[in-house]
Amino acid sequence: MTPPVSLLNNSNTKEYQGCSFYFIYRQNKGQWCCNLSRPFILCLSNTMLSGQFISSMWFNLEFNENDTFDFIVIRLPQRENSIHPNSKATKELVIQRLTNTEQNNAPLEEVEFVILHKHYTPQELCAIRKKILSTKTNNDISVTYNHRKRLTNDLQFGVTFEIAETEQNNKYYVSCPMFDLRL
């Protein structure tokens, strides 16, 4: 076990106990997408570790009516402490472990580096789209909705959903993942 690392005075950092937390996703059971150069910004307060992407420029994905999403948060040692300091090799190993776990019909949460897995069904996304539409007025160009889901007593996941009006139609986006982990 890695010894605790003191956090910055403002309690914001990209590392906790020698590890960083990363976001992995896939849309419609496609390929896993993993960006190991963009860890979550972390905040520690009392017994809660929170991670967030602070900009939709870090992650912003359009979705349609019948789409599905799988969102995963993983915890990895800092690369300089890792067996594979190369981010490409690490990414390939992570994706291979997730793929093998699924092929064995095991829950993704059983992989040792997976902190959480949230699957969004088309029905859930449809309900979220309806909720966003119900708050949109004719004057709104875009409306956002922060969706948070408690996965266990000690774990919560959230993302921001947005509807953006274009000349042709409305477009829907998901962005800004976050998590809360009770320590």
# chains A, B, ... in the order shown; residues from 1 in each chain; ligands from 1
>>> residues_around(residues="Lys131 (chain A)", least_positions_apart="6", cutoff="12 Å", atoms="only C-alpha atoms", output="PDB file with C-alpha atoms, in the first residue's frame")
ATOM      1  CA  GLU A 124     -32.351   6.432 -18.651  1.00  0.00           C
ATOM      2  CA  LEU A 125     -30.995   8.777 -21.331  1.00  0.00           C
ATOM      3  CA  VAL A 143     -29.800  24.066 -20.875  1.00  0.00           C
ATOM      4  CA  THR A 144     -27.695  21.833 -18.624  1.00  0.00           C
ATOM      5  CA  TYR A 145     -28.689  19.231 -16.065  1.00  0.00           C
ATOM      6  CA  ASN A 146     -26.321  17.754 -13.491  1.00  0.00           C
ATOM      7  CA  HIS A 147     -27.211  14.096 -13.010  1.00  0.00           C
ATOM      8  CA  PHE A 161     -26.118  16.604 -19.648  1.00  0.00           C
ATOM      9  CA  GLU A 162     -26.827  19.462 -22.019  1.00  0.00           C
ATOM     10  CA  ILE A 163     -29.274  20.292 -24.760  1.00  0.00           C
TER      11      ILE A 163
END
>>> select_by_dssp(residues="region 6-151 of chain A", states="strand (DSSP E or B)", output="ChimeraX atom specification")
/A:12-13,16,19-27,33-34,41-45,48-52,60-63,69-77,114-120,142-151
>>> write_last_selection(atoms="C-alpha atoms", output="short mmCIF file (atom, residue, chain, number, x, y, z; two decimals), in the first residue's frame")
data_model
loop_
_atom_site.label_atom_id
_atom_site.label_comp_id
_atom_site.auth_asym_id
_atom_site.auth_seq_id
_atom_site.Cartn_x
_atom_site.Cartn_y
_atom_site.Cartn_z
CA ASN A 12 -7.05 20.31 -4.75
CA THR A 13 -4.64 17.98 -6.50
CA TYR A 16 -4.16 10.84 -3.69
CA CYS A 19 -2.45 7.39 -7.36
CA SER A 20 -4.38 9.37 -9.94
CA PHE A 21 -7.97 8.75 -11.03
CA TYR A 22 -8.96 8.56 -14.70
CA PHE A 23 -12.14 8.45 -16.74
CA ILE A 24 -12.87 5.72 -19.29
CA TYR A 25 -15.99 5.55 -21.42
CA ARG A 26 -17.60 3.89 -24.37
CA GLN A 27 -20.72 4.62 -26.36
CA CYS A 33 -11.82 5.37 -24.80
CA CYS A 34 -9.19 6.14 -22.20
CA ILE A 41 -8.91 17.05 -10.29
CA LEU A 42 -9.25 15.76 -6.73
CA CYS A 43 -10.50 17.44 -3.59
CA LEU A 44 -10.22 15.89 -0.13
CA SER A 45 -12.51 17.06 2.65
CA MET A 48 -14.72 12.35 1.21
CA LEU A 49 -12.53 12.24 -1.89
CA SER A 50 -14.15 14.02 -4.84
CA GLY A 51 -12.93 13.97 -8.41
CA GLN A 52 -14.12 16.10 -11.28
CA ASN A 60 -17.85 16.39 -24.20
CA LEU A 61 -19.70 13.79 -26.24
CA GLU A 62 -22.83 14.08 -28.36
CA PHE A 63 -25.46 11.39 -27.95
CA PHE A 69 -22.96 4.72 -22.25
CA ASP A 70 -20.56 2.93 -19.98
CA PHE A 71 -18.58 5.24 -17.70
CA ILE A 72 -15.74 3.97 -15.53
CA VAL A 73 -13.46 5.68 -13.03
CA ILE A 74 -10.15 3.94 -12.44
CA ARG A 75 -7.35 4.43 -9.93
CA LEU A 76 -3.77 3.93 -11.13
CA PRO A 77 -0.40 4.53 -9.49
CA VAL A 114 -11.94 0.07 -11.21
CA ILE A 115 -13.45 2.42 -8.63
CA LEU A 116 -16.88 2.61 -10.24
CA HIS A 117 -18.86 1.64 -13.33
CA LYS A 118 -22.08 3.36 -14.39
CA HIS A 119 -24.09 2.08 -17.36
CA TYR A 120 -26.72 4.38 -18.89
CA SER A 142 -28.81 25.64 -24.19
CA VAL A 143 -29.80 24.07 -20.88
CA THR A 144 -27.69 21.83 -18.62
CA TYR A 145 -28.69 19.23 -16.06
CA ASN A 146 -26.32 17.75 -13.49
CA HIS A 147 -27.21 14.10 -13.01
CA ARG A 148 -25.85 12.37 -9.92
CA LYS A 149 -26.39 8.73 -9.07
CA ARG A 150 -25.57 7.06 -5.76
CA LEU A 151 -24.02 3.71 -6.69
#
>>> select_by_dssp(residues="chain A", states="helix (DSSP H, G or I)", output="NGL selection string")
:A and (79-81 or 87-103 or 108-110 or 122-135)
>>> write_last_selection(atoms="C-alpha atoms", output="short mmCIF file (atom, residue, chain, number, x, y, z; two decimals), in the first residue's frame")
data_model
loop_
_atom_site.label_atom_id
_atom_site.label_comp_id
_atom_site.auth_asym_id
_atom_site.auth_seq_id
_atom_site.Cartn_x
_atom_site.Cartn_y
_atom_site.Cartn_z
CA ARG A 79 3.19 6.37 -13.98
CA GLU A 80 6.70 6.96 -12.65
CA ASN A 81 5.87 4.35 -9.95
CA SER A 87 0.84 5.72 -21.12
CA LYS A 88 0.12 3.85 -24.37
CA ALA A 89 1.15 0.50 -22.85
CA THR A 90 -0.83 1.26 -19.68
CA LYS A 91 -3.91 2.19 -21.71
CA GLU A 92 -3.70 -1.05 -23.70
CA LEU A 93 -3.37 -3.10 -20.50
CA VAL A 94 -6.35 -1.35 -18.88
CA ILE A 95 -8.57 -1.84 -21.92
CA GLN A 96 -7.49 -5.47 -22.27
CA ARG A 97 -8.39 -6.17 -18.62
CA LEU A 98 -11.82 -4.57 -19.06
CA THR A 99 -12.45 -6.55 -22.24
CA ASN A 100 -11.35 -9.84 -20.65
CA THR A 101 -13.53 -9.19 -17.61
CA GLU A 102 -16.58 -8.62 -19.79
CA GLN A 103 -15.85 -11.71 -21.89
CA LEU A 108 -16.33 -4.56 -14.24
CA GLU A 109 -16.24 -3.38 -10.61
CA GLU A 110 -14.31 -6.57 -9.77
CA PRO A 122 -31.48 4.27 -23.65
CA GLN A 123 -34.42 4.51 -21.22
CA GLU A 124 -32.35 6.43 -18.65
CA LEU A 125 -31.00 8.78 -21.33
CA CYS A 126 -34.51 9.31 -22.70
CA ALA A 127 -35.78 10.26 -19.21
CA ILE A 128 -32.86 12.67 -18.81
CA ARG A 129 -33.55 14.21 -22.23
CA LYS A 130 -37.21 14.71 -21.27
CA LYS A 131 -36.19 16.33 -17.98
CA ILE A 132 -33.85 18.75 -19.79
CA LEU A 133 -36.51 19.56 -22.40
CA SER A 134 -39.08 20.26 -19.69
CA THR A 135 -36.86 23.01 -18.24
#
>>> closest_residue(among="A:Asn64, A:Asn28, A:Ser55, A:Asn139", to="Lys171 (chain A)", atoms="only C-alpha atoms")
A:Asn64
>>> closest_residue(among="A:Asn153, A:Glu65, A:Ile141, A:Val159", to="Tyr172 (chain A)", atoms="only C-alpha atoms")
A:Glu65
>>> closest_residue(among="A:Gln78, A:Phe53, A:Asn86, A:Phe113", to="Gly18 (chain A)", atoms="only C-alpha atoms")
A:Gln78
>>> decode(residues="region 57-79 of chain A", atoms="N, CA and C atoms", output="PDB file, in the first residue's frame")
ATOM      1  N   MET A  57     -14.379  20.923 -22.098  1.00  0.00           N
ATOM      2  CA  MET A  57     -13.343  20.712 -23.109  1.00  0.00           C
ATOM      3  C   MET A  57     -12.562  19.429 -22.821  1.00  0.00           C
ATOM      4  N   TRP A  58     -12.586  18.946 -21.584  1.00  0.00           N
ATOM      5  CA  TRP A  58     -11.881  17.725 -21.226  1.00  0.00           C
ATOM      6  C   TRP A  58     -12.631  16.489 -21.710  1.00  0.00           C
ATOM      7  N   PHE A  59     -13.951  16.563 -21.664  1.00  0.00           N
ATOM      8  CA  PHE A  59     -14.803  15.467 -22.131  1.00  0.00           C
ATOM      9  C   PHE A  59     -16.153  16.051 -22.488  1.00  0.00           C
ATOM     10  N   ASN A  60     -16.567  15.885 -23.731  1.00  0.00           N
ATOM     11  CA  ASN A  60     -17.851  16.389 -24.196  1.00  0.00           C
ATOM     12  C   ASN A  60     -18.257  15.523 -25.381  1.00  0.00           C
ATOM     13  N   LEU A  61     -19.325  14.766 -25.233  1.00  0.00           N
ATOM     14  CA  LEU A  61     -19.699  13.791 -26.239  1.00  0.00           C
ATOM     15  C   LEU A  61     -21.171  13.956 -26.604  1.00  0.00           C
ATOM     16  N   GLU A  62     -21.447  14.001 -27.891  1.00  0.00           N
ATOM     17  CA  GLU A  62     -22.828  14.077 -28.359  1.00  0.00           C
ATOM     18  C   GLU A  62     -23.461  12.694 -28.275  1.00  0.00           C
ATOM     19  N   PHE A  63     -24.760  12.670 -27.972  1.00  0.00           N
ATOM     20  CA  PHE A  63     -25.458  11.386 -27.952  1.00  0.00           C
ATOM     21  C   PHE A  63     -26.834  11.523 -28.572  1.00  0.00           C
ATOM     22  N   ASN A  64     -27.381  10.372 -28.958  1.00  0.00           N
ATOM     23  CA  ASN A  64     -28.686  10.313 -29.613  1.00  0.00           C
ATOM     24  C   ASN A  64     -29.662   9.503 -28.775  1.00  0.00           C
ATOM     25  N   GLU A  65     -30.869   9.412 -29.268  1.00  0.00           N
ATOM     26  CA  GLU A  65     -31.986   8.833 -28.525  1.00  0.00           C
ATOM     27  C   GLU A  65     -31.760   7.399 -28.058  1.00  0.00           C
ATOM     28  N   ASN A  66     -31.200   6.545 -28.885  1.00  0.00           N
ATOM     29  CA  ASN A  66     -31.073   5.127 -28.530  1.00  0.00           C
ATOM     30  C   ASN A  66     -29.678   4.729 -28.084  1.00  0.00           C
ATOM     31  N   ASP A  67     -28.858   5.696 -27.732  1.00  0.00           N
ATOM     32  CA  ASP A  67     -27.490   5.396 -27.313  1.00  0.00           C
ATOM     33  C   ASP A  67     -27.444   4.789 -25.917  1.00  0.00           C
ATOM     34  N   THR A  68     -26.318   4.152 -25.640  1.00  0.00           N
ATOM     35  CA  THR A  68     -25.985   3.695 -24.294  1.00  0.00           C
ATOM     36  C   THR A  68     -24.586   4.219 -23.972  1.00  0.00           C
ATOM     37  N   PHE A  69     -24.296   4.324 -22.697  1.00  0.00           N
ATOM     38  CA  PHE A  69     -22.963   4.723 -22.246  1.00  0.00           C
ATOM     39  C   PHE A  69     -22.515   3.807 -21.139  1.00  0.00           C
ATOM     40  N   ASP A  70     -21.224   3.546 -21.121  1.00  0.00           N
ATOM     41  CA  ASP A  70     -20.559   2.933 -19.979  1.00  0.00           C
ATOM     42  C   ASP A  70     -19.490   3.914 -19.538  1.00  0.00           C
ATOM     43  N   PHE A  71     -19.561   4.325 -18.275  1.00  0.00           N
ATOM     44  CA  PHE A  71     -18.579   5.237 -17.702  1.00  0.00           C
ATOM     45  C   PHE A  71     -17.868   4.519 -16.565  1.00  0.00           C
ATOM     46  N   ILE A  72     -16.558   4.624 -16.549  1.00  0.00           N
ATOM     47  CA  ILE A  72     -15.739   3.975 -15.527  1.00  0.00           C
ATOM     48  C   ILE A  72     -14.750   4.987 -14.972  1.00  0.00           C
ATOM     49  N   VAL A  73     -14.535   4.935 -13.666  1.00  0.00           N
ATOM     50  CA  VAL A  73     -13.460   5.678 -13.026  1.00  0.00           C
ATOM     51  C   VAL A  73     -12.463   4.645 -12.528  1.00  0.00           C
ATOM     52  N   ILE A  74     -11.191   4.862 -12.877  1.00  0.00           N
ATOM     53  CA  ILE A  74     -10.148   3.938 -12.440  1.00  0.00           C
ATOM     54  C   ILE A  74      -9.121   4.681 -11.591  1.00  0.00           C
ATOM     55  N   ARG A  75      -8.424   3.913 -10.782  1.00  0.00           N
ATOM     56  CA  ARG A  75      -7.353   4.427  -9.930  1.00  0.00           C
ATOM     57  C   ARG A  75      -6.074   3.715 -10.323  1.00  0.00           C
ATOM     58  N   LEU A  76      -5.062   4.492 -10.719  1.00  0.00           N
ATOM     59  CA  LEU A  76      -3.770   3.928 -11.129  1.00  0.00           C
ATOM     60  C   LEU A  76      -2.639   4.630 -10.390  1.00  0.00           C
ATOM     61  N   PRO A  77      -1.581   3.881 -10.081  1.00  0.00           N
ATOM     62  CA  PRO A  77      -0.403   4.530  -9.490  1.00  0.00           C
ATOM     63  C   PRO A  77       0.176   5.554 -10.464  1.00  0.00           C
ATOM     64  N   GLN A  78       0.821   6.571  -9.918  1.00  0.00           N
ATOM     65  CA  GLN A  78       1.504   7.527 -10.782  1.00  0.00           C
ATOM     66  C   GLN A  78       2.420   6.752 -11.722  1.00  0.00           C
ATOM     67  N   ARG A  79       2.473   7.151 -12.973  1.00  0.00           N
ATOM     68  CA  ARG A  79       3.195   6.373 -13.977  1.00  0.00           C
ATOM     69  C   ARG A  79       4.666   6.181 -13.643  1.00  0.00           C
TER      70      ARG A  79
END
